[in-house]
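Colleague: Sending over a structure as structure tokens; questions will come in a sec.
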Amino acid sequence: MGRSYFVDEAVEEYLSGLQAAPGSCVTGLLAGQSSPQRDFVVLAVQTPHRESEGQLKAPKGVSPLDDIDVEWVTEHAKQVSRMLPGGLCVLGLFLVTPPELSKDAQNALKRLIFAVEKYIIKGRLWELSEEDVTDRVTLHICSKTKKLLCKTFDVKDPKSSAKPADWKYQTGISSSWPMLTCSVEVDLQIPVTGSSSDNTDKCMKDGLRRWAKQIEAAYCLINGRQALDDSELISGQVKTLSFLCHVDSTFELRHMFEQSELGERSSALVQVCSGSMRVRGVVHCRAYIHNNKPKARHAAQAIKRDIINTVCSRVEMFLEDLCINEGSQKGLCSGQQALPRRVFAPMPISGLSVCDYMFPDESTADVAERLKEMLDCETPEEDIDTIFSIISGFEITDSQDDDSSKHVSEIQAENPKIQKPPKYYAGKLF
Amino acid sequence: MVYSEECDFIFRLKGILEFACQLDNPNGVQSQSTISKSFQDLRSKVTSKNIVFTVCNSPVLIWPNTGFQSSVESLTEASACGDILQWIESDDGGSKKSSKKKDKKKSGPTVVNMKLLFEVTEPAGNTAPSLIRVSTQQHCVKMPLPLDCALSVTTDERLETVCTGLVEALNKQLADMEEVVLQYRKGSSFLVPQPFHFQLPEPAGLITVVYPAGVPDSQLQAVREDLHRKFELPCDRPYLRRANAFHFPDAAYKDGYLRNPHIHLNPPNIEDAKLYLVQGVYSYHHYMQDHVDDNGWGCAYRSLQTICSWFQQQGYVETAVPTHTQIQQALVDVGDKEPRFVGSRQWIGSIEVQAVLNQLLGVTSKIMFVSQGSELATKGRELANHFQTEGTPVMIGGGVLAHTILGVVWSENTGQIRFLILDPHYTGGEDLQTITDKGWCGWKGPEFWDQNAYYNLCLPQRPKSI
């Protein structure tokens with residue numbers, strides 16, 4: 001009894017349209033959402049062409065399979081993960097080979113899937129829970145017969161062997177998936193000890209990790225009720241989403257004090273620091289949940305992970321960029337700099353959106369270019385939703401047509417007592 | 001003003017807020033204003049719209065600063081605060097077992113525990129995220145502020161009033177904490193400010209005082225003197241030492257001893273008589289506790305332990321209740337007994353009790369001698385006076401037994417008297433039901449005493465201190 005993958009027809013279209021040079025292979029990613037009962041695939045993207053730096057690399061191995069640039073595939077997977085909102089992730093890989101390589105394709109896929117998983121989770125600030133599905137799908141496509149072979153590997157177990165899985169095409173898999181959004185205020189003060197850039201990175205990581213734990217432990221209210229139990233989330237009825245964090249910030253303090261000491265601590269902890277870093281501002285978060293009897297707490301988990309990912313990604317990108325620009329001087333300069341801002345864009349056909357991050361000196365044209373390169377899709381610039389345009393205290397977004405905006409007007413009629421100015425962005429009321 | 005005796009509920013709100021600040025120069029002039037600024041930020045936080053109260057063990061969430069919103073539709077600002085109870089899941093899964101005896105009393109106000117939360121999805125602004133780096137050397141100070149606010153209310157008090165009161169209390173507590181932090185700071189050494197609740201005589205009721213952690217009571221004398229003046233408290237007995245802190249009815253005592261079992265009894269109904277009882281809190285010490293088998297010889301030791309526990313819990317001493325060995329050693333130290341007394345099973349009497357109280361606790365006691373047990377019935381006035389002025393438990397030894405007297409019901413006119421006795425000869429476990437049902441703590445008449453034996457009573461005197 002293997003897993004069942006329900007795949008959007010748009011993916012079928014994409015895969016059949018792939019052109020592989022004769023005798024060569026095409027690798028790519030598959031993205032979507034897993035649930036304990038079944039999995040949904042909504043996106044397929046081939047690995048972009050890597051621009052070799054000058055010299056042409058001579059084929060290393062005997063077969064084109066050996067030429068697969070594992071490092072590049074994993075890097076692509078990581079970039080794409082950053083572009084997926086909450087609830088969605090890289091679920092697996094596909095590999096198109098000529099018929100003579102089909103036999104060895106399985107080994108190649110196994111190597112790749114483990115490498116990809118390992119690279120994606122590096123630096124992630126949240127752990128998989130027991131309920132998370134750890135099977136990843138590998139799809140082999142014969143370039144001549146177009147025959148598909150779908151198998152899964154459990155990436156938790158390096159010794160696991162391929163298990164058969166079902167691959168079924170359907171229309172509009174994600175067309176009515178509820179979208180959850182919220183804006184979260186972040187204000188983290190992180191002391192920096194030591195002066196090297198490695199220190200800065202480590203302090204930042206530690207600080208973010210503690211904050212991530214606070215988010216994971218926060219109460220999540222969907223429609224005003226705590227999303228704790230197995231109650232079902234009825235599609236289209238997510239009107240409000242809020243997070244309440246414990247003010248008992250022992251996650252912060254536990255780093256400083258032994259847990260047992262916390263109650264008996266009689267004096268403050270004072271560290272001499274070479275400086276401090278503060279991450280401050282409002283982040284916009286988005287997550288999707290499948291509509292096959294989803295549970296409220298899975299929705300809560302999806303959006304929590306998105307909150308954590310978006311802050312982590314921005315900081316990572318900023319620090320990487322800094323490293324390139326400032327070199328070894330990082331950590332010695334002061335000042336306030338904007339972190340990359342999040343923008344959303346519609347995913348080809350599926351009705352979901354993807355995101356990207358824009359540095360202050362970039363424009364939507366740059367975003368469109370990146371979307372083309374990483375996700376192999378054309379996005380008109382006007383479709384790129386920059387969210388952060390504020391007009392006189394109201395926040396207006398050009399979100400694509402979905403159920404939530406209709407709900408906003410309904411809610412206002414129902415609850416005339418609520419005094420706050422109504423906000424029109426999707427999914428949130430007071 | 002709500003009088004605590006009439007109050008049905010205590011709403012208790014807790015949360016550990018993190019205090020953090022960066023000091024460029026801990027000894028510089030700027031540091032005080034930096035610290036004050038951090039406290040100001042925390043005060044803004046608790047008065048902001050994003051503060052949420054959650055009622056423990058319930059789905060109730062309340063936003064007190066947004067014109068009162070709650071997660072439960074039927075609870076509005078006008079709801080009586082007692083309505084909250086129906087939403088709280090109690091630990092014992094049902095109503096408390098009703099006591100069988102009709103002379104058992106109510107156990108005091110119901111405590112509603114609440115926690116502090118912040119909504120992070122209601123940002124006040126929409127500033128895009130940025131990273132601010134400071135590269136000067138700084139002292140990074142982090143400290144937990146253990147906020148703990150309590151409000152006594154009657155059951156029909158509006159929920160909104162309770163919540164507003166709690167927000168005010170949070171604000172005030174932060175201000176008090178700031179004062180304590182600044183006062184006791186030395187450079188970059190900060191002491192954690194800790195709140196303590198005290199139940200004062202009316203009209204003050206339940207108040208909260210913030211003391212610096214690690215500073216012993218003995219060094220806080222001046223602070224207490226000020227507070228005694230402010231609340232018009234007598235200057236000869238402690239009300240505000242840490243040991244005097246209010247014990248919330250829903251909290252268990254960690255040491256496992258029963259406290260004041262006598263409050264579960266109704267005093268005898270004697271015409272024209274008045275009730276004179278021990279004041280404050282004591283622990284019930286009796287045979288076989290602490291893995292010491294003193295059955296048959298330790299009764300006076302246990303009565304002495306009960307008395308020591310009283311002095312500790314009223315804040316007069318910080319030393320722990322002495323063991324049998326420590327009691328015996330104290331008697332050797334004062335020259336009353338030979339060294340081989342230590343480790344023996346020899347009885348002690350009122351005189352020894354007086355000597356030990358003096359040696360270990362610095363407490364003086366009066367001795368009352370009664371030549372015949374039947375005479376005890378005539379000592380009503382002395383005992384009444386003792387409980388009124390000193391209010392300490394009394395150890396009585398005579399015949400072959402020692403007991404503790406916790407109070408009397410006495411009529412000045414008719415001379416009728418009953419004695420509230422705590423019996424150290426009980427060998428069972430800390431079962432309140434058994435202890436009260438079987439009279440191990442109970443009211444006895446004059447016939448309880450051996451009419452022919454002589455008795456000595458040890459009446460401990462309160463030291464005059466705060």
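Scheme for the structure tokens: letters A, B, ... for chains in order shown; per-chain residue numbers from 1; ligand numbers from 1 in order shown.
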Select, as a count of residues only, those residues of chain A with any atom no more than 7 Å from chain B (distances computed using only C-alpha atoms).

Modeller: 41

Colleague: Quick one: DSSP strand (DSSP E or B) residues in range 64-286 of chain B, as a ChimeraX atom specification?

Modeller: /B:69-70,80,110-119,130-134,138-153,158,186,189,191,193-199,206-212,259,274-277,283

Colleague: Show me, as a ChimeraX atom specification, the residues that have an atom within 12 Å of Leu128 in chain A when counting only C-alpha atoms, minus same-chain residues fewer than 3 positions from it.

Modeller: /A:121,124-125,131-134,155-156,216,301-302,305

Colleague: Report, in Å with one decimal, the straight-line distance from CA of Thr27 in chain A to CA of Leu352 in chain A.

Modeller: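 About the pair CA of Thr27 in chain A and CA of Leu352 in chain A: they are 23.4 Å apart.
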
Colleague: Write down as a compact mmCIF listing (two decimals) with N, CA and C atoms, in the first residue's frame the residues of range 72-312 of chain A whose backbone DSSP state falls under helix (DSSP H, G or I).

Modeller:
```
# COMPACT_ATOMS: atom_id res chain seq x y z
N TRP A 72 23.83 21.79 -7.96
CA TRP A 72 22.94 22.77 -8.58
C TRP A 72 21.48 22.40 -8.36
N VAL A 73 21.19 21.10 -8.44
CA VAL A 73 19.81 20.66 -8.21
C VAL A 73 19.39 21.02 -6.78
N THR A 74 20.30 20.76 -5.81
CA THR A 74 19.92 21.06 -4.41
C THR A 74 19.79 22.57 -4.20
N GLU A 75 20.64 23.33 -4.85
CA GLU A 75 20.55 24.78 -4.69
C GLU A 75 19.23 25.29 -5.26
N HIS A 76 18.86 24.73 -6.42
CA HIS A 76 17.57 25.11 -7.02
C HIS A 76 16.44 24.76 -6.07
N ALA A 77 16.52 23.57 -5.47
CA ALA A 77 15.47 23.14 -4.54
C ALA A 77 15.35 24.10 -3.37
N LYS A 78 16.49 24.54 -2.89
CA LYS A 78 16.45 25.47 -1.76
C LYS A 78 15.82 26.80 -2.15
N GLN A 79 16.22 27.29 -3.32
CA GLN A 79 15.67 28.56 -3.78
C GLN A 79 14.16 28.45 -3.95
N VAL A 80 13.74 27.32 -4.53
CA VAL A 80 12.30 27.15 -4.75
C VAL A 80 11.57 27.03 -3.42
N SER A 81 12.16 26.34 -2.45
CA SER A 81 11.50 26.24 -1.13
C SER A 81 11.24 27.60 -0.53
N ARG A 82 12.19 28.49 -0.73
CA ARG A 82 12.02 29.85 -0.18
C ARG A 82 10.85 30.56 -0.85
N MET A 83 10.54 30.10 -2.07
CA MET A 83 9.48 30.78 -2.82
C MET A 83 8.11 30.19 -2.56
N PRO A 99 15.59 5.93 -22.91
CA PRO A 99 15.25 4.57 -22.47
C PRO A 99 16.45 3.76 -21.97
N GLU A 100 17.61 3.95 -22.56
CA GLU A 100 18.75 3.11 -22.17
C GLU A 100 19.22 3.40 -20.76
N LEU A 101 18.84 4.58 -20.19
CA LEU A 101 19.31 4.92 -18.84
C LEU A 101 18.26 4.64 -17.77
N SER A 102 17.10 4.16 -18.20
CA SER A 102 16.01 4.00 -17.25
C SER A 102 16.37 3.14 -16.07
N LYS A 103 17.18 2.10 -16.33
CA LYS A 103 17.52 1.20 -15.21
C LYS A 103 18.29 1.90 -14.11
N ASP A 104 19.26 2.71 -14.52
CA ASP A 104 20.11 3.37 -13.51
C ASP A 104 19.46 4.62 -12.93
N ALA A 105 18.34 5.00 -13.53
CA ALA A 105 17.69 6.25 -13.08
C ALA A 105 17.31 6.18 -11.61
N GLN A 106 16.87 5.00 -11.17
CA GLN A 106 16.41 4.89 -9.78
C GLN A 106 17.50 5.25 -8.79
N ASN A 107 18.70 4.77 -9.05
CA ASN A 107 19.80 5.09 -8.14
C ASN A 107 20.07 6.58 -8.12
N ALA A 108 20.06 7.14 -9.34
CA ALA A 108 20.32 8.59 -9.42
C ALA A 108 19.27 9.36 -8.65
N LEU A 109 18.02 8.94 -8.81
CA LEU A 109 16.93 9.63 -8.10
C LEU A 109 17.09 9.52 -6.59
N LYS A 110 17.50 8.33 -6.16
CA LYS A 110 17.64 8.15 -4.72
C LYS A 110 18.73 9.08 -4.17
N ARG A 111 19.83 9.11 -4.88
CA ARG A 111 20.94 9.98 -4.44
C ARG A 111 20.47 11.43 -4.35
N LEU A 112 19.78 11.84 -5.40
CA LEU A 112 19.33 13.23 -5.49
C LEU A 112 18.33 13.58 -4.40
N ILE A 113 17.37 12.70 -4.18
CA ILE A 113 16.29 13.05 -3.24
C ILE A 113 16.84 13.22 -1.82
N PHE A 114 17.80 12.37 -1.46
CA PHE A 114 18.38 12.51 -0.12
C PHE A 114 19.23 13.78 -0.03
N ALA A 115 19.96 14.07 -1.12
CA ALA A 115 20.80 15.28 -1.11
C ALA A 115 19.93 16.53 -1.02
N VAL A 116 18.84 16.52 -1.76
CA VAL A 116 17.94 17.69 -1.76
C VAL A 116 17.36 17.91 -0.37
N GLU A 117 16.86 16.84 0.22
CA GLU A 117 16.24 16.97 1.54
C GLU A 117 17.25 17.50 2.55
N LYS A 118 18.43 16.95 2.50
CA LYS A 118 19.46 17.35 3.45
C LYS A 118 19.76 18.84 3.31
N TYR A 119 19.83 19.29 2.08
CA TYR A 119 20.20 20.70 1.86
C TYR A 119 19.07 21.66 2.23
N ILE A 120 17.87 21.23 1.93
CA ILE A 120 16.73 22.10 2.22
C ILE A 120 16.56 22.34 3.71
N ILE A 121 16.77 21.28 4.52
CA ILE A 121 16.49 21.46 5.95
C ILE A 121 17.63 22.12 6.70
N SER A 197 32.53 37.52 11.81
CA SER A 197 31.24 37.39 11.12
C SER A 197 30.60 36.05 11.45
N ASP A 198 31.40 35.05 11.77
CA ASP A 198 30.83 33.76 12.15
C ASP A 198 30.03 33.90 13.43
N ASN A 199 30.59 34.72 14.33
CA ASN A 199 29.90 34.98 15.58
C ASN A 199 28.56 35.63 15.35
N THR A 200 28.58 36.63 14.47
CA THR A 200 27.34 37.33 14.17
C THR A 200 26.30 36.35 13.67
N ASP A 201 26.71 35.49 12.73
CA ASP A 201 25.79 34.51 12.18
C ASP A 201 25.24 33.62 13.25
N LYS A 202 26.13 33.13 14.12
CA LYS A 202 25.70 32.20 15.15
C LYS A 202 24.74 32.87 16.13
N CYS A 203 25.08 34.09 16.55
CA CYS A 203 24.19 34.80 17.48
C CYS A 203 22.83 35.02 16.85
N MET A 204 22.85 35.39 15.57
CA MET A 204 21.59 35.64 14.88
C MET A 204 20.78 34.36 14.82
N LYS A 205 21.43 33.27 14.46
CA LYS A 205 20.74 31.97 14.36
C LYS A 205 20.14 31.59 15.71
N ASP A 206 20.93 31.73 16.76
CA ASP A 206 20.43 31.38 18.10
C ASP A 206 19.23 32.22 18.47
N GLY A 207 19.34 33.53 18.20
CA GLY A 207 18.24 34.43 18.53
C GLY A 207 16.98 34.06 17.76
N LEU A 208 17.15 33.78 16.48
CA LEU A 208 15.99 33.43 15.66
C LEU A 208 15.39 32.10 16.10
N ARG A 209 16.24 31.19 16.49
CA ARG A 209 15.76 29.88 16.91
C ARG A 209 14.88 30.01 18.15
N ARG A 210 15.31 30.86 19.08
CA ARG A 210 14.50 31.03 20.28
C ARG A 210 13.17 31.69 19.94
N TRP A 211 13.21 32.66 19.05
CA TRP A 211 11.97 33.31 18.64
C TRP A 211 11.07 32.30 17.94
N ALA A 212 11.67 31.43 17.12
CA ALA A 212 10.88 30.42 16.41
C ALA A 212 10.14 29.52 17.39
N LYS A 213 10.79 29.17 18.48
CA LYS A 213 10.14 28.32 19.48
C LYS A 213 8.96 29.04 20.10
N GLN A 214 9.10 30.35 20.27
CA GLN A 214 8.00 31.11 20.84
C GLN A 214 6.81 31.11 19.88
N ILE A 215 7.10 31.23 18.59
CA ILE A 215 6.02 31.19 17.61
C ILE A 215 5.37 29.81 17.59
N GLU A 216 6.20 28.77 17.64
CA GLU A 216 5.64 27.41 17.60
C GLU A 216 4.74 27.16 18.79
N THR A 250 10.08 32.59 28.31
CA THR A 250 11.13 31.73 28.85
C THR A 250 11.96 31.12 27.74
N PHE A 251 11.43 31.15 26.52
CA PHE A 251 12.26 30.61 25.45
C PHE A 251 13.48 31.49 25.25
N GLU A 252 13.26 32.76 25.44
CA GLU A 252 14.36 33.69 25.37
C GLU A 252 15.26 33.50 26.58
N LEU A 253 14.60 33.44 27.72
CA LEU A 253 15.37 33.42 28.96
C LEU A 253 16.01 32.08 29.23
N ARG A 254 15.41 31.01 28.72
CA ARG A 254 15.98 29.68 28.97
C ARG A 254 17.38 29.57 28.41
N HIS A 255 17.64 30.34 27.38
CA HIS A 255 18.98 30.32 26.83
C HIS A 255 19.96 30.89 27.85
N MET A 256 19.48 31.85 28.59
CA MET A 256 20.35 32.54 29.54
C MET A 256 20.43 31.83 30.87
N GLN A 259 16.66 26.23 33.22
CA GLN A 259 15.21 26.28 33.39
C GLN A 259 14.81 26.27 34.85
N SER A 260 15.49 25.45 35.65
CA SER A 260 15.13 25.36 37.05
C SER A 260 15.45 26.65 37.78
N GLU A 261 16.46 27.33 37.28
CA GLU A 261 16.89 28.54 37.96
C GLU A 261 15.93 29.68 37.77
N LEU A 262 15.15 29.58 36.72
CA LEU A 262 14.38 30.75 36.30
C LEU A 262 13.54 31.31 37.42
N GLY A 263 12.92 30.39 38.18
CA GLY A 263 12.07 30.87 39.25
C GLY A 263 12.87 31.41 40.41
N ALA A 296 -7.76 21.81 11.89
CA ALA A 296 -7.41 23.18 12.25
C ALA A 296 -5.95 23.30 12.68
N ARG A 297 -5.47 22.31 13.40
CA ARG A 297 -4.10 22.48 13.91
C ARG A 297 -3.06 22.34 12.82
N HIS A 298 -3.40 21.63 11.73
CA HIS A 298 -2.45 21.59 10.61
C HIS A 298 -2.36 22.92 9.93
N ALA A 299 -3.52 23.59 9.86
CA ALA A 299 -3.52 24.94 9.29
C ALA A 299 -2.66 25.85 10.14
N ALA A 300 -2.82 25.72 11.45
CA ALA A 300 -2.04 26.56 12.36
C ALA A 300 -0.55 26.27 12.18
N GLN A 301 -0.22 25.02 12.04
CA GLN A 301 1.19 24.65 11.88
C GLN A 301 1.75 25.21 10.58
N ALA A 302 0.94 25.14 9.51
CA ALA A 302 1.41 25.62 8.20
C ALA A 302 1.73 27.11 8.26
N ILE A 303 0.85 27.88 8.87
CA ILE A 303 1.09 29.32 8.87
C ILE A 303 2.22 29.67 9.85
N LYS A 304 2.33 28.92 10.94
CA LYS A 304 3.43 29.18 11.86
C LYS A 304 4.76 28.96 11.17
N ARG A 305 4.84 27.88 10.41
CA ARG A 305 6.09 27.59 9.73
C ARG A 305 6.40 28.66 8.70
N ASP A 306 5.33 29.20 8.09
CA ASP A 306 5.57 30.26 7.11
C ASP A 306 6.12 31.51 7.79
N ILE A 307 5.59 31.81 8.95
CA ILE A 307 6.07 32.99 9.69
C ILE A 307 7.56 32.81 9.98
N ILE A 308 7.89 31.64 10.48
CA ILE A 308 9.29 31.39 10.83
C ILE A 308 10.17 31.42 9.58
N ASN A 309 9.71 30.75 8.52
CA ASN A 309 10.51 30.70 7.30
C ASN A 309 10.75 32.07 6.70
N THR A 310 9.70 32.91 6.69
CA THR A 310 9.87 34.18 5.99
C THR A 310 10.88 35.07 6.70
N VAL A 311 10.84 35.07 8.03
CA VAL A 311 11.82 35.88 8.74
C VAL A 311 13.22 35.30 8.56
N CYS A 312 13.32 33.99 8.68
CA CYS A 312 14.60 33.33 8.54
C CYS A 312 15.19 33.54 7.15
```

Colleague: Let me make sure I understand: among B:Val162, B:Gly205, B:Asp431, B:His403, which one has the smallest atom-to-atom distance to Tyr257 in chain B if we use only C-alpha atoms?

Modeller: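 Using only C-alpha atoms, Tyr257 in chain B sits closest to B:Asp431.
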
Colleague: For CA of Lys295 in chain A and CA of Ser350 in chain A, quote the distance in Å rounded to one decimal.

Modeller: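 Atom-to-atom, CA of Lys295 in chain A and CA of Ser350 in chain A are spaced 22.0 Å apart.
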
Colleague: Could you work out how far CA of Arg462 in chain B lies from CA of Ser365 in chain B, giving the answer in Å with one decimal?

Modeller: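 Atom-to-atom, CA of Ser365 in chain B and CA of Arg462 in chain B are spaced 8.7 Å apart.
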
Colleague: Write out as an MDAnalysis selection string the residues lying within 10 Å of Pro216 in chain B, counting only C-alpha atoms and excluding same-chain residues fewer than 5 positions away.

Modeller: chainID B and resid 211 221 241:242 318

Colleague: Please produce a file of the residues just selected, as an mmCIF file, in the first residue's frame, where the atoms kept are C-alpha atoms.

Modeller:
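Output contents, as saved in selection37.cif:
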```cif
data_model
loop_
_atom_site.group_PDB
_atom_site.id
_atom_site.type_symbol
_atom_site.label_atom_id
_atom_site.label_comp_id
_atom_site.auth_asym_id
_atom_site.auth_seq_id
_atom_site.Cartn_x
_atom_site.Cartn_y
_atom_site.Cartn_z
ATOM 1 C CA TYR B 211 10.925 43.165 47.178
ATOM 2 C CA GLN B 221 13.273 46.741 57.963
ATOM 3 C CA ARG B 241 7.838 39.730 55.901
ATOM 4 C CA ARG B 242 8.145 37.286 53.013
ATOM 5 C CA GLU B 318 13.742 32.086 59.137
#
```

Colleague: I want to know what sits within 9 Å of range 352-354 of chain B, based on only C-alpha atoms, with residues of the same chain fewer than 2 positions away left out; could you give that as a ChimeraX atom specification?

Modeller: /B:300-301,303-304,327,331,336,348-350,356-359,363-367,395,458-460
